[in-house]
$ cat my_file26.pdb   # PDB, C-alpha atoms
ATOM      1  CA  MET F 994      91.086 115.644  45.723
ATOM      2  CA  ARG F 995      94.289 114.078  47.027
ATOM      3  CA  ARG F 996      94.004 116.177  50.158
ATOM      4  CA  ILE F 997      90.487 114.874  50.849
ATOM      5  CA  ILE F 998      91.653 111.265  50.375
ATOM      6  CA  ALA F 999      94.573 111.904  52.745
ATOM      7  CA  ILE F1000      92.291 113.375  55.412
ATOM      8  CA  VAL F1001      89.845 110.447  55.119
ATOM      9  CA  LEU F1002      92.687 107.906  55.388
ATOM     10  CA  LEU F1003      94.165 109.736  58.373
ATOM     11  CA  THR F1004      90.791 109.755  60.144
ATOM     12  CA  ILE F1005      90.414 106.017  59.560
ATOM     13  CA  VAL F1006      93.923 105.332  60.945
ATOM     14  CA  VAL F1007      93.378 107.532  64.016
ATOM     15  CA  LEU F1008      89.991 105.908  64.702
ATOM     16  CA  GLY F1009      91.522 102.450  64.356
ATOM     17  CA  ILE F1010      94.356 103.206  66.781
ATOM     18  CA  ALA F1011      91.961 104.824  69.281
ATOM     19  CA  LEU F1012      89.505 101.905  69.136
ATOM     20  CA  SER F1013      92.231  99.297  69.534
ATOM     21  CA  LEU F1014      93.765 101.174  72.482
ATOM     22  CA  THR F1015      90.454 101.232  74.357
ATOM     23  CA  GLU F1016      90.502  97.410  74.466
ATOM     24  CA  VAL F1017      93.995  97.148  76.014
ATOM     25  CA  PRO F1018      93.859  96.618  79.799
ATOM     26  CA  PHE F1019      96.585  98.973  80.953
ATOM     27  CA  GLY F1020      98.102  98.430  84.369
ATOM     28  CA  THR F1021      97.204  94.775  84.767
ATOM     29  CA  PRO F1022      99.893  92.074  84.742
ATOM     30  CA  LYS F1023      99.863  90.253  81.420
ATOM     31  CA  THR F1024     102.885  87.989  81.974
ATOM     32  CA  HIS F1025     104.203  86.089  84.974
ATOM     33  CA  VAL F1026     107.822  87.096  84.393
ATOM     34  CA  GLY F1027     107.357  90.692  85.589
ATOM     35  CA  ASP F1028     105.750  89.466  88.790
ATOM     36  CA  TYR F1029     108.670  87.108  89.327
ATOM     37  CA  TYR F1030     111.240  89.911  88.929
ATOM     38  CA  VAL F1031     109.444  92.108  91.460
ATOM     39  CA  LYS F1032     109.110  89.312  94.029
ATOM     40  CA  GLU F1033     112.449  87.489  93.674
ATOM     41  CA  GLY F1034     114.681  90.139  92.077
ATOM     42  CA  VAL F1035     116.189  91.545  95.271
ATOM     43  CA  LYS F1036     116.849  88.087  96.709
ATOM     44  CA  GLU F1037     118.415  86.704  93.537
ATOM     45  CA  THR F1038     120.552  89.633  92.378
ATOM     46  CA  GLY F1039     121.043  91.782  95.488
ATOM     47  CA  ALA F1040     120.155  94.957  93.573
ATOM     48  CA  VAL F1041     117.389  96.967  95.239
ATOM     49  CA  ASN F1042     116.552  98.801  92.009
ATOM     50  CA  ILE F1043     114.545  96.203  90.079
ATOM     51  CA  VAL F1044     115.177  97.942  86.744
ATOM     52  CA  THR F1045     118.929  97.560  87.247
ATOM     53  CA  SER F1046     118.589  93.910  88.195
ATOM     54  CA  VAL F1047     116.684  93.278  84.949
ATOM     55  CA  VAL F1048     119.003  95.373  82.765
ATOM     56  CA  LEU F1049     122.288  93.958  84.040
ATOM     57  CA  ASN F1050     121.439  90.545  85.430
ATOM     58  CA  TYR F1051     118.418  88.905  83.815
ATOM     59  CA  ARG F1052     118.914  90.697  80.496
ATOM     60  CA  GLY F1053     122.649  91.443  80.743
ATOM     61  CA  PHE F1054     123.461  90.044  77.335
ATOM     62  CA  ASP F1055     120.958  92.411  75.681
ATOM     63  CA  THR F1056     122.701  95.315  77.414
ATOM     64  CA  LEU F1057     126.009  94.202  75.914
ATOM     65  CA  GLY F1058     124.357  94.355  72.495
ATOM     66  CA  GLU F1059     122.932  97.795  73.260
ATOM     67  CA  VAL F1060     126.365  99.106  74.242
ATOM     68  CA  THR F1061     127.785  97.634  71.028
ATOM     69  CA  VAL F1062     125.166  99.485  68.951
ATOM     70  CA  LEU F1063     126.217 102.799  70.509
ATOM     71  CA  PHE F1064     129.880 101.929  69.906
ATOM     72  CA  ILE F1065     129.261 101.198  66.222
ATOM     73  CA  ALA F1066     127.275 104.436  65.820
ATOM     74  CA  THR F1067     130.156 106.449  67.319
ATOM     75  CA  ILE F1068     132.736 104.720  65.127
ATOM     76  CA  GLY F1069     130.587 105.363  62.048
ATOM     77  CA  LEU F1070     130.173 109.045  62.891
ATOM     78  CA  GLY F1071     133.917 109.406  63.470
ATOM     79  CA  ALA F1072     134.691 107.729  60.161
ATOM     80  CA  LEU F1073     132.182 109.957  58.363
ATOM     81  CA  LEU F1074     133.421 113.242  59.839
ATOM     82  CA  THR F1075     137.189 112.763  59.646
ATOM     83  CA  THR F1076     136.975 113.215  55.882
ATOM     84  CA  HIS F1077     135.531 116.680  56.479
ATOM     85  CA  LYS F1078     138.139 117.476  59.103
ATOM     86  CA  GLU F1079     140.888 117.515  56.470
ATOM     87  CA  ARG F1080     139.583 120.612  54.752
ATOM     88  CA  LYS F1081     138.328 122.555  57.748
ATOM     89  CA  LYS F1082     138.651 126.293  57.510
ATOM     90  CA  LYS F1083     138.868 128.778  60.332
ATOM     91  CA  ARG F1084     135.564 130.493  60.915
ATOM     92  CA  ASP F1085     135.114 133.380  63.331
ATOM     93  CA  VAL F1086     133.730 132.001  66.570
ATOM     94  CA  MET F1087     131.637 134.347  68.665
ATOM     95  CA  PRO F1088     133.091 134.484  72.208
ATOM     96  CA  ALA F1089     130.807 133.140  74.912
ATOM     97  CA  SER F1090     129.021 135.659  77.097
ATOM     98  CA  LEU F1091     130.073 136.253  80.712
ATOM     99  CA  ILE F1092     127.104 134.298  82.078
ATOM    100  CA  LEU F1093     127.848 131.264  79.939
ATOM    101  CA  SER F1094     131.590 131.176  80.634
ATOM    102  CA  THR F1095     131.182 131.697  84.393
ATOM    103  CA  GLY F1096     128.283 129.247  84.614
ATOM    104  CA  CYS F1097     130.275 126.649  82.748
ATOM    105  CA  ARG F1098     133.174 126.924  85.187
ATOM    106  CA  PHE F1099     130.879 126.621  88.221
ATOM    107  CA  LEU F1100     128.496 123.966  86.908
ATOM    108  CA  PHE F1101     131.002 121.590  85.310
ATOM    109  CA  PRO F1102     132.271 120.000  88.580
ATOM    110  CA  LEU F1103     128.752 119.797  90.006
ATOM    111  CA  LEU F1104     127.426 118.057  86.898
ATOM    112  CA  LEU F1105     130.394 115.678  86.937
ATOM    113  CA  ILE F1106     129.801 114.757  90.582
ATOM    114  CA  PHE F1107     126.081 114.299  89.919
ATOM    115  CA  GLY F1108     126.817 111.969  87.000
ATOM    116  CA  ILE F1109     129.267 109.915  89.072
ATOM    117  CA  TYR F1110     126.709 109.700  91.894
ATOM    118  CA  ILE F1111     124.057 108.444  89.465
ATOM    119  CA  ILE F1112     126.448 105.818  88.086
ATOM    120  CA  ILE F1113     127.673 104.515  91.460
ATOM    121  CA  HIS F1114     124.185 104.321  92.972
ATOM    122  CA  GLY F1115     122.713 102.576  89.928
ATOM    123  CA  HIS F1116     121.791  99.457  91.893
ATOM    124  CA  LEU F1117     120.238 101.394  94.796
ATOM    125  CA  SER F1118     118.331 104.331  93.295
ATOM    126  CA  PRO F1119     116.967 105.175  89.832
ATOM    127  CA  GLY F1120     119.665 105.730  87.270
ATOM    128  CA  GLY F1121     122.795 103.922  86.264
ATOM    129  CA  GLY F1122     125.510 103.799  83.658
ATOM    130  CA  PHE F1123     123.523 105.070  80.689
ATOM    131  CA  GLN F1124     121.881 107.971  82.502
ATOM    132  CA  GLY F1125     125.034 108.980  84.392
ATOM    133  CA  GLY F1126     127.105 108.739  81.227
ATOM    134  CA  ALA F1127     124.669 111.036  79.410
ATOM    135  CA  ILE F1128     124.850 113.546  82.309
ATOM    136  CA  ILE F1129     128.669 113.500  82.206
ATOM    137  CA  ALA F1130     128.536 114.036  78.445
ATOM    138  CA  SER F1131     126.224 117.039  78.948
ATOM    139  CA  ALA F1132     128.779 118.463  81.430
ATOM    140  CA  PHE F1133     131.443 118.248  78.725
ATOM    141  CA  LEU F1134     129.017 119.769  76.219
ATOM    142  CA  LEU F1135     128.695 122.766  78.564
ATOM    143  CA  THR F1136     132.485 123.267  78.581
ATOM    144  CA  TYR F1137     132.526 123.064  74.791
ATOM    145  CA  LEU F1138     129.906 125.816  74.635
ATOM    146  CA  GLY F1139     131.128 127.999  77.477
ATOM    147  CA  CYS F1140     134.892 127.623  77.900
ATOM    148  CA  GLN F1141     136.045 127.950  74.334
ATOM    149  CA  GLY F1142     139.367 126.448  73.409
ATOM    150  CA  VAL F1143     138.867 123.498  75.714
ATOM    151  CA  ARG F1144     139.224 120.281  73.776
ATOM    152  CA  ILE F1145     139.390 116.779  75.175
ATOM    153  CA  SER F1146     142.083 114.421  74.007
ATOM    154  CA  GLU F1147     140.633 112.111  71.373
ATOM    155  CA  ARG F1148     143.067 109.313  72.181
ATOM    156  CA  ARG F1149     142.164 109.314  75.871
ATOM    157  CA  SER F1150     138.440 109.254  75.187
ATOM    158  CA  LYS F1151     138.952 106.303  72.817
ATOM    159  CA  LEU F1152     141.057 104.588  75.504
ATOM    160  CA  THR F1153     138.390 105.098  78.195
ATOM    161  CA  GLU F1154     135.714 103.817  75.849
ATOM    162  CA  SER F1155     137.668 100.680  74.945
ATOM    163  CA  LEU F1156     138.557  99.977  78.590
ATOM    164  CA  GLY F1157     134.886 100.246  79.577
ATOM    165  CA  GLY F1158     133.838  97.733  76.935
ATOM    166  CA  LEU F1159     136.732  95.438  77.847
ATOM    167  CA  VAL F1160     135.803  95.424  81.558
ATOM    168  CA  PHE F1161     132.203  94.528  80.686
ATOM    169  CA  VAL F1162     133.265  91.564  78.521
ATOM    170  CA  ILE F1163     135.978  90.386  80.958
ATOM    171  CA  VAL F1164     133.537  90.370  83.905
ATOM    172  CA  GLY F1165     131.102  88.403  81.751
ATOM    173  CA  VAL F1166     133.759  85.873  80.750
ATOM    174  CA  LEU F1167     134.846  85.520  84.411
ATOM    175  CA  GLY F1168     131.259  84.473  85.173
ATOM    176  CA  LEU F1169     131.576  81.925  82.362
ATOM    177  CA  ILE F1170     134.770  80.551  83.935
ATOM    178  CA  PHE F1171     133.553  80.435  87.544
ATOM    179  CA  GLY F1172     129.944  79.380  87.196
ATOM    180  CA  GLY F1173     129.338  78.133  83.700
ATOM    181  CA  TYR F1174     127.401  80.924  82.028
ATOM    182  CA  PHE F1175     128.099  84.397  80.677
ATOM    183  CA  LEU F1176     127.601  87.371  83.062
ATOM    184  CA  LEU F1177     126.969  85.135  86.079
ATOM    185  CA  ASN F1178     126.867  87.138  89.314
ATOM    186  CA  PHE F1179     129.819  85.310  90.892
ATOM    187  CA  LEU F1180     130.727  87.894  93.567
ATOM    188  CA  PRO F1181     129.013  87.864  97.003
ATOM    189  CA  LYS F1182     125.666  89.693  96.985
ATOM    190  CA  GLY F1183     126.168  91.542 100.278
ATOM    191  CA  THR F1184     123.367  93.115 102.264
ATOM    192  CA  PRO F1185     120.705  94.932 100.218
ATOM    193  CA  PHE F1186     120.588  98.768 100.432
ATOM    194  CA  SER F1187     124.365  99.042 101.042
ATOM    195  CA  LEU F1188     126.714 100.570  98.493
ATOM    196  CA  LEU F1189     128.890  97.483  98.148
ATOM    197  CA  SER F1190     126.182  94.992  97.279
ATOM    198  CA  ALA F1191     124.788  93.178  94.261
ATOM    199  CA  GLY F1192     128.068  91.547  93.224
ATOM    200  CA  ILE F1193     129.171  92.406  89.695
ATOM    201  CA  ILE F1194     126.342  94.881  88.952
ATOM    202  CA  PRO F1195     128.111  98.061  90.238
ATOM    203  CA  ILE F1196     131.342  97.089  88.444
ATOM    204  CA  ILE F1197     129.556  96.670  85.121
ATOM    205  CA  TYR F1198     127.576  99.879  85.629
ATOM    206  CA  VAL F1199     130.747 101.887  86.276
ATOM    207  CA  ALA F1200     132.253 100.398  83.102
ATOM    208  CA  ILE F1201     129.110 101.270  81.121
ATOM    209  CA  GLY F1202     129.126 104.779  82.592
ATOM    210  CA  PHE F1203     132.691 105.423  81.430
ATOM    211  CA  LYS F1204     131.938 103.908  78.041
ATOM    212  CA  VAL F1205     128.702 105.810  77.352
ATOM    213  CA  GLY F1206     130.130 109.079  78.679
ATOM    214  CA  SER F1207     133.263 108.968  76.550
ATOM    215  CA  GLU F1208     131.300 107.838  73.491
ATOM    216  CA  LEU F1209     128.821 110.719  73.701
ATOM    217  CA  VAL F1210     131.651 113.186  74.392
ATOM    218  CA  SER F1211     133.519 111.972  71.334
ATOM    219  CA  VAL F1212     130.342 112.357  69.237
ATOM    220  CA  ILE F1213     130.063 115.994  70.367
ATOM    221  CA  ASP F1214     133.796 116.487  69.839
ATOM    222  CA  ASN F1215     133.631 115.143  66.290
ATOM    223  CA  LEU F1216     130.689 117.397  65.409
ATOM    224  CA  MET F1217     132.207 120.508  66.976
ATOM    225  CA  GLU F1218     135.579 119.916  65.341
ATOM    226  CA  GLY F1219     133.910 119.586  61.977
ATOM    227  CA  SER F1220     131.841 122.733  62.404
ATOM    228  CA  THR F1221     134.484 125.277  63.399
TER     229      THR F1221
ATOM    230  CA  MET L 537      95.643 113.003  86.785
ATOM    231  CA  ILE L 538      94.797 116.497  85.512
ATOM    232  CA  LEU L 539      98.556 117.224  85.461
ATOM    233  CA  VAL L 540      99.096 114.337  83.036
ATOM    234  CA  TYR L 541      96.526 115.836  80.653
ATOM    235  CA  ILE L 542      98.192 119.256  80.887
ATOM    236  CA  LEU L 543     101.592 117.715  80.121
ATOM    237  CA  VAL L 544     100.236 115.761  77.157
ATOM    238  CA  PHE L 545      98.670 118.984  75.863
ATOM    239  CA  ILE L 546     102.027 120.818  76.161
ATOM    240  CA  MET L 547     103.701 117.904  74.348
ATOM    241  CA  LEU L 548     101.194 118.101  71.489
ATOM    242  CA  ILE L 549     101.547 121.878  71.181
ATOM    243  CA  SER L 550     105.353 121.767  71.144
ATOM    244  CA  ALA L 551     105.414 118.900  68.629
ATOM    245  CA  ILE L 552     103.145 120.856  66.274
ATOM    246  CA  ALA L 553     105.251 123.978  66.873
ATOM    247  CA  ALA L 554     108.431 122.096  65.947
ATOM    248  CA  TYR L 555     106.787 121.237  62.629
ATOM    249  CA  VAL L 556     105.361 124.683  61.928
ATOM    250  CA  PHE L 557     108.336 126.935  62.819
ATOM    251  CA  LYS L 558     110.374 128.162  59.872
ATOM    252  CA  ASP L 559     113.283 129.239  62.088
ATOM    253  CA  LEU L 560     114.978 125.910  62.767
ATOM    254  CA  VAL L 561     116.547 127.025  66.064
ATOM    255  CA  ASN L 562     113.050 127.651  67.429
ATOM    256  CA  ALA L 563     111.976 124.244  66.128
ATOM    257  CA  VAL L 564     114.892 122.581  67.967
ATOM    258  CA  ILE L 565     113.930 124.352  71.199
ATOM    259  CA  ALA L 566     110.363 123.111  70.723
ATOM    260  CA  THR L 567     111.634 119.507  70.381
ATOM    261  CA  GLY L 568     113.690 119.999  73.549
ATOM    262  CA  LEU L 569     110.572 121.211  75.363
ATOM    263  CA  MET L 570     108.725 118.135  74.147
ATOM    264  CA  SER L 571     111.460 115.853  75.502
ATOM    265  CA  LEU L 572     111.429 117.652  78.843
ATOM    266  CA  THR L 573     107.656 117.270  79.208
ATOM    267  CA  THR L 574     107.996 113.613  78.191
ATOM    268  CA  SER L 575     110.534 113.073  80.954
ATOM    269  CA  ILE L 576     108.285 114.731  83.555
ATOM    270  CA  LEU L 577     105.470 112.497  82.305
ATOM    271  CA  PHE L 578     107.695 109.415  82.697
ATOM    272  CA  TYR L 579     108.487 110.493  86.236
ATOM    273  CA  LEU L 580     104.797 110.937  87.082
ATOM    274  CA  LEU L 581     104.068 107.493  85.620
ATOM    275  CA  GLN L 582     106.668 106.026  88.027
ATOM    276  CA  ALA L 583     109.468 105.328  85.569
ATOM    277  CA  PRO L 584     112.303 107.478  86.981
ATOM    278  CA  ASP L 585     115.042 105.528  85.186
ATOM    279  CA  VAL L 586     113.583 106.288  81.768
ATOM    280  CA  ALA L 587     112.836 109.870  82.826
ATOM    281  CA  MET L 588     116.523 110.483  83.593
ATOM    282  CA  ALA L 589     117.703 109.087  80.274
ATOM    283  CA  GLU L 590     115.060 111.079  78.402
ATOM    284  CA  ALA L 591     115.950 114.326  80.175
ATOM    285  CA  ALA L 592     119.702 113.968  79.629
ATOM    286  CA  VAL L 593     119.581 112.749  76.040
ATOM    287  CA  GLY L 594     116.400 114.322  74.713
ATOM    288  CA  ALA L 595     116.592 117.731  76.345
ATOM    289  CA  ALA L 596     120.367 118.327  76.404
ATOM    290  CA  LEU L 597     122.363 116.294  73.897
ATOM    291  CA  VAL L 598     120.005 115.926  70.937
ATOM    292  CA  PRO L 599     119.127 119.677  70.681
ATOM    293  CA  ALA L 600     122.851 120.483  70.935
ATOM    294  CA  ILE L 601     123.649 118.116  68.068
ATOM    295  CA  PHE L 602     120.781 119.584  66.017
ATOM    296  CA  ILE L 603     122.016 123.122  66.658
ATOM    297  CA  ILE L 604     125.551 122.179  65.578
ATOM    298  CA  ALA L 605     124.038 120.723  62.399
ATOM    299  CA  ILE L 606     122.027 123.939  61.835
ATOM    300  CA  ARG L 607     125.211 125.985  62.219
ATOM    301  CA  ARG L 608     126.785 123.988  59.408
ATOM    302  CA  THR L 609     123.777 124.272  57.085
ATOM    303  CA  GLY L 610     121.073 126.930  57.024
ATOM    304  CA  ARG L 611     119.044 128.493  59.791
ATOM    305  CA  TYR L 612     115.799 129.084  57.921
ATOM    306  CA  GLU L 613     113.600 126.601  56.165
ATOM    307  CA  GLU L 614     112.517 127.626  52.682
TER     308      GLU L 614
END

$ encode --input "my_file26.pdb" --output "structure tokens"
Amino acid sequence: MRRIIAIVLLTIVVLGIALSLTEVPFGTPKTHVGDYYVKEGVKETGAVNIVTSVVLNYRGFDTLGEVTVLFIATIGLGALLTTHKERKKKRDVMPASLILSTGCRFLFPLLLIFGIYIIIHGHLSPGGGFQGGAIIASAFLLTYLGCQGVRISERRSKLTESLGGLVFVIVGVLGLIFGGYFLLNFLPKGTPFSLLSAGIIPIIYVAIGFKVGSELVSVIDNLMEGST
Amino acid sequence: MILVYILVFIMLISAIAAYVFKDLVNAVIATGLMSLTTSILFYLLQAPDVAMAEAAVGAALVPAIFIIAIRRTGRYEE
């Protein structure tokens, strides 16, 4: 009986969602603000990648909040797992196979360079600090899996993370000092499509890249430490 | 357009598989497959920024964290 009621309710919900989605005009502009970003974004911010100009210039303060959320999550995980670290016992770890250990040694520098490329070209091509930081973290994850015994220094990862956050806030406050509002793009915009353009956007993206990368690496480090 | 339908179909199948599998490692691999298809779908729908984040986080980091968690608990679902 309960099963029949559940199926009937589920059908009603699915039908409702499907009917309401048919009425939504997908692909048509519903607000003027998106149009404005596409038309004026390159001129106003100097960043060719419109997504980056929205994330770090028009909505820069939201990005600061987003970075803070990730920071708090990492701190919470570290605080939760250090209690387990006290009573860790040695478990037999299976050695990595030849393919994994060799692949890790060859792929680690390539992944690192790819992540740095993504971070530095955040204002020119798709990508940026978050994506590049996640790629760098996956490179470190590969070394944790393949080259056993490799551990990153926890103090240095914390230092990198804090420096990244500090650079973000300091650049924002410098905008407050020079122009009157937080995260103002006070540096010269430069010519579009060149690497050194868009003012403060590349600086902030490099800071975010370091911060996100070291945070995700320390999450993996905490979990791996606790599990072996 | 037909490619989008194929990808959505793969996503549905792998999501159901992640729910059905009793071996949790297989379920984690199914979630990773779902994230990978999602990122290809994002790329086809002209959102390469989101596709990159989804591929790096959803297909690499999250399955790794799940597998570490499985190693600490149990591999099979009762």

$ resolve_selection --input "my_file26.pdb" --expression "the PyMOL selection byres ((chain F) within 12 of (chain L))" --output "MDAnalysis selection string"
chainID F and resid 1020 1042:1045 1048 1077 1081 1084 1086 1104 1108 1111:1112 1115:1135 1137:1138 1205:1206 1209:1210 1212:1221

$ write_last_selection --input "my_file26.pdb" --atoms "C-alpha atoms" --output "PDB file, keeping the file's coordinate frame"
ATOM      1  CA  GLY F1020      98.102  98.430  84.369  1.00  0.00           C
ATOM      2  CA  ASN F1042     116.552  98.801  92.009  1.00  0.00           C
ATOM      3  CA  ILE F1043     114.545  96.203  90.079  1.00  0.00           C
ATOM      4  CA  VAL F1044     115.177  97.942  86.744  1.00  0.00           C
ATOM      5  CA  THR F1045     118.929  97.560  87.247  1.00  0.00           C
ATOM      6  CA  VAL F1048     119.003  95.373  82.765  1.00  0.00           C
ATOM      7  CA  HIS F1077     135.531 116.680  56.479  1.00  0.00           C
ATOM      8  CA  LYS F1081     138.328 122.555  57.748  1.00  0.00           C
ATOM      9  CA  ARG F1084     135.564 130.493  60.915  1.00  0.00           C
ATOM     10  CA  VAL F1086     133.730 132.001  66.570  1.00  0.00           C
ATOM     11  CA  LEU F1104     127.426 118.057  86.898  1.00  0.00           C
ATOM     12  CA  GLY F1108     126.817 111.969  87.000  1.00  0.00           C
ATOM     13  CA  ILE F1111     124.057 108.444  89.465  1.00  0.00           C
ATOM     14  CA  ILE F1112     126.448 105.818  88.086  1.00  0.00           C
ATOM     15  CA  GLY F1115     122.713 102.576  89.928  1.00  0.00           C
ATOM     16  CA  HIS F1116     121.791  99.457  91.893  1.00  0.00           C
ATOM     17  CA  LEU F1117     120.238 101.394  94.796  1.00  0.00           C
ATOM     18  CA  SER F1118     118.331 104.331  93.295  1.00  0.00           C
ATOM     19  CA  PRO F1119     116.967 105.175  89.832  1.00  0.00           C
ATOM     20  CA  GLY F1120     119.665 105.730  87.270  1.00  0.00           C
ATOM     21  CA  GLY F1121     122.795 103.922  86.264  1.00  0.00           C
ATOM     22  CA  GLY F1122     125.510 103.799  83.658  1.00  0.00           C
ATOM     23  CA  PHE F1123     123.523 105.070  80.689  1.00  0.00           C
ATOM     24  CA  GLN F1124     121.881 107.971  82.502  1.00  0.00           C
ATOM     25  CA  GLY F1125     125.034 108.980  84.392  1.00  0.00           C
ATOM     26  CA  GLY F1126     127.105 108.739  81.227  1.00  0.00           C
ATOM     27  CA  ALA F1127     124.669 111.036  79.410  1.00  0.00           C
ATOM     28  CA  ILE F1128     124.850 113.546  82.309  1.00  0.00           C
ATOM     29  CA  ILE F1129     128.669 113.500  82.206  1.00  0.00           C
ATOM     30  CA  ALA F1130     128.536 114.036  78.445  1.00  0.00           C
ATOM     31  CA  SER F1131     126.224 117.039  78.948  1.00  0.00           C
ATOM     32  CA  ALA F1132     128.779 118.463  81.430  1.00  0.00           C
ATOM     33  CA  PHE F1133     131.443 118.248  78.725  1.00  0.00           C
ATOM     34  CA  LEU F1134     129.017 119.769  76.219  1.00  0.00           C
ATOM     35  CA  LEU F1135     128.695 122.766  78.564  1.00  0.00           C
ATOM     36  CA  TYR F1137     132.526 123.064  74.791  1.00  0.00           C
ATOM     37  CA  LEU F1138     129.906 125.816  74.635  1.00  0.00           C
ATOM     38  CA  VAL F1205     128.702 105.810  77.352  1.00  0.00           C
ATOM     39  CA  GLY F1206     130.130 109.079  78.679  1.00  0.00           C
ATOM     40  CA  LEU F1209     128.821 110.719  73.701  1.00  0.00           C
ATOM     41  CA  VAL F1210     131.651 113.186  74.392  1.00  0.00           C
ATOM     42  CA  VAL F1212     130.342 112.357  69.237  1.00  0.00           C
ATOM     43  CA  ILE F1213     130.063 115.994  70.367  1.00  0.00           C
ATOM     44  CA  ASP F1214     133.796 116.487  69.839  1.00  0.00           C
ATOM     45  CA  ASN F1215     133.631 115.143  66.290  1.00  0.00           C
ATOM     46  CA  LEU F1216     130.689 117.397  65.409  1.00  0.00           C
ATOM     47  CA  MET F1217     132.207 120.508  66.976  1.00  0.00           C
ATOM     48  CA  GLU F1218     135.579 119.916  65.341  1.00  0.00           C
ATOM     49  CA  GLY F1219     133.910 119.586  61.977  1.00  0.00           C
ATOM     50  CA  SER F1220     131.841 122.733  62.404  1.00  0.00           C
ATOM     51  CA  THR F1221     134.484 125.277  63.399  1.00  0.00           C
TER      52      THR F1221
END

$ closest_residue --input "my_file26.pdb" --among "F:Leu1008, F:Leu1002, F:Ala1040, F:Met994" --to "Pro1185 (chain F)" --atoms "all atoms listed in the file"
F:Ala1040

$ resolve_selection --input "my_file26.pdb" --expression "the PyMOL selection byres ((chain F and resi 1145-1148) around 9)" --output "list of chain:residue names"
F:Phe1133, F:Val1143, F:Arg1144, F:Arg1149, F:Ser1150, F:Lys1151, F:Leu1152, F:Thr1153, F:Val1210, F:Ser1211, F:Asp1214

$ atom_distance --input "my_file26.pdb" --atom1 "CA of Leu1188 (chain F)" --atom2 "CA of Thr1056 (chain F)"
22.1 Å

$ closest_residue --input "my_file26.pdb" --among "L:Leu560, L:Tyr541, L:Glu614, L:Met547" --to "Ser575 (chain L)" --atoms "only C-alpha atoms"
L:Met547

$ residues_around --input "my_file26.pdb" --residues "Pro599 (chain L)" --least-positions-apart "5" --cutoff "10 Å" --atoms "only C-alpha atoms" --output "JSON, numbers by chain"
{"L": [561, 563, 564, 565, 566, 567, 568, 569, 571, 593, 594, 604, 605]}

$ closest_residue --input "my_file26.pdb" --among "F:Pro1181, F:Phe1019, F:Ile1196, F:Arg995" --to "Val1160 (chain F)" --atoms "all atoms listed in the file"
F:Ile1196

$ atom_distance --input "my_file26.pdb" --atom1 "CA of Ile1193 (chain F)" --atom2 "CA of Ile1163 (chain F)"
11.3 Å

$ resolve_selection --input "my_file26.pdb" --expression "the PyMOL selection byres ((chain F and resi 1063) around 12)" --output "list of chain:residue names"
F:Thr1056, F:Leu1057, F:Gly1058, F:Glu1059, F:Val1060, F:Thr1061, F:Val1062, F:Phe1064, F:Ile1065, F:Ala1066, F:Thr1067, F:Ile1068, F:Gly1069, F:Leu1070, F:Phe1123, F:Glu1154, F:Gly1158, F:Ile1201, F:Lys1204, F:Val1205, F:Gly1206, F:Ser1207, F:Glu1208, F:Leu1209, F:Ser1211, F:Val1212

$ atom_distance --input "my_file26.pdb" --atom1 "CA of Val1006 (chain F)" --atom2 "CA of Glu613 (chain L)"
29.4 Å

$ closest_residue --input "my_file26.pdb" --among "L:Met570, L:Ile603, L:Ile542, L:Val598" --to "Ala554 (chain L)" --atoms "only C-alpha atoms"
L:Met570

$ residues_around --input "my_file26.pdb" --residues "Thr1038 (chain F)" --least-positions-apart "4" --cutoff "8 Å" --atoms "all atoms listed in the file" --output "list in words"
Gly1034, Ser1046, Asn1050, Asn1178, Lys1182, Ala1191 and Gly1192 of chain F

$ write_last_selection --input "my_file26.pdb" --atoms "C-alpha atoms" --output "short mmCIF file (atom, residue, chain, number, x, y, z; two decimals), in the frame of the given file"
data_model
loop_
_atom_site.label_atom_id
_atom_site.label_comp_id
_atom_site.auth_asym_id
_atom_site.auth_seq_id
_atom_site.Cartn_x
_atom_site.Cartn_y
_atom_site.Cartn_z
CA GLY F 1034 114.68 90.14 92.08
CA SER F 1046 118.59 93.91 88.20
CA ASN F 1050 121.44 90.54 85.43
CA ASN F 1178 126.87 87.14 89.31
CA LYS F 1182 125.67 89.69 96.98
CA ALA F 1191 124.79 93.18 94.26
CA GLY F 1192 128.07 91.55 93.22
#

$ residues_around --input "my_file26.pdb" --residues "Leu543 (chain L)" --least-positions-apart "2" --cutoff "10 Å" --atoms "only C-alpha atoms" --output "list in words"
Ile538, Leu539, Val540, Tyr541, Phe545, Ile546, Met547, Leu548, Ile549, Met570, Leu572, Thr573, Thr574, Ile576 and Leu577 of chain L

$ decode --input "my_file26.pdb" --residues "region 1041-1046 of chain F" --atoms "N, CA and C atoms" --output "short mmCIF file (atom, residue, chain, number, x, y, z; two decimals), in the first residue's frame"
data_model
loop_
_atom_site.label_atom_id
_atom_site.label_comp_id
_atom_site.auth_asym_id
_atom_site.auth_seq_id
_atom_site.Cartn_x
_atom_site.Cartn_y
_atom_site.Cartn_z
N VAL F 1041 39.54 38.96 -21.21
CA VAL F 1041 38.85 38.49 -22.41
C VAL F 1041 37.83 37.42 -22.05
N ASN F 1042 38.16 36.59 -21.05
CA ASN F 1042 37.23 35.55 -20.59
C ASN F 1042 36.15 36.21 -19.73
N ILE F 1043 34.93 36.24 -20.26
CA ILE F 1043 33.85 36.97 -19.59
C ILE F 1043 33.55 36.36 -18.22
N VAL F 1044 33.65 35.01 -18.14
CA VAL F 1044 33.36 34.33 -16.87
C VAL F 1044 34.30 34.85 -15.78
N THR F 1045 35.60 34.99 -16.15
CA THR F 1045 36.57 35.49 -15.17
C THR F 1045 36.25 36.91 -14.77
N SER F 1046 35.84 37.74 -15.75
CA SER F 1046 35.56 39.13 -15.40
C SER F 1046 34.37 39.22 -14.45
#
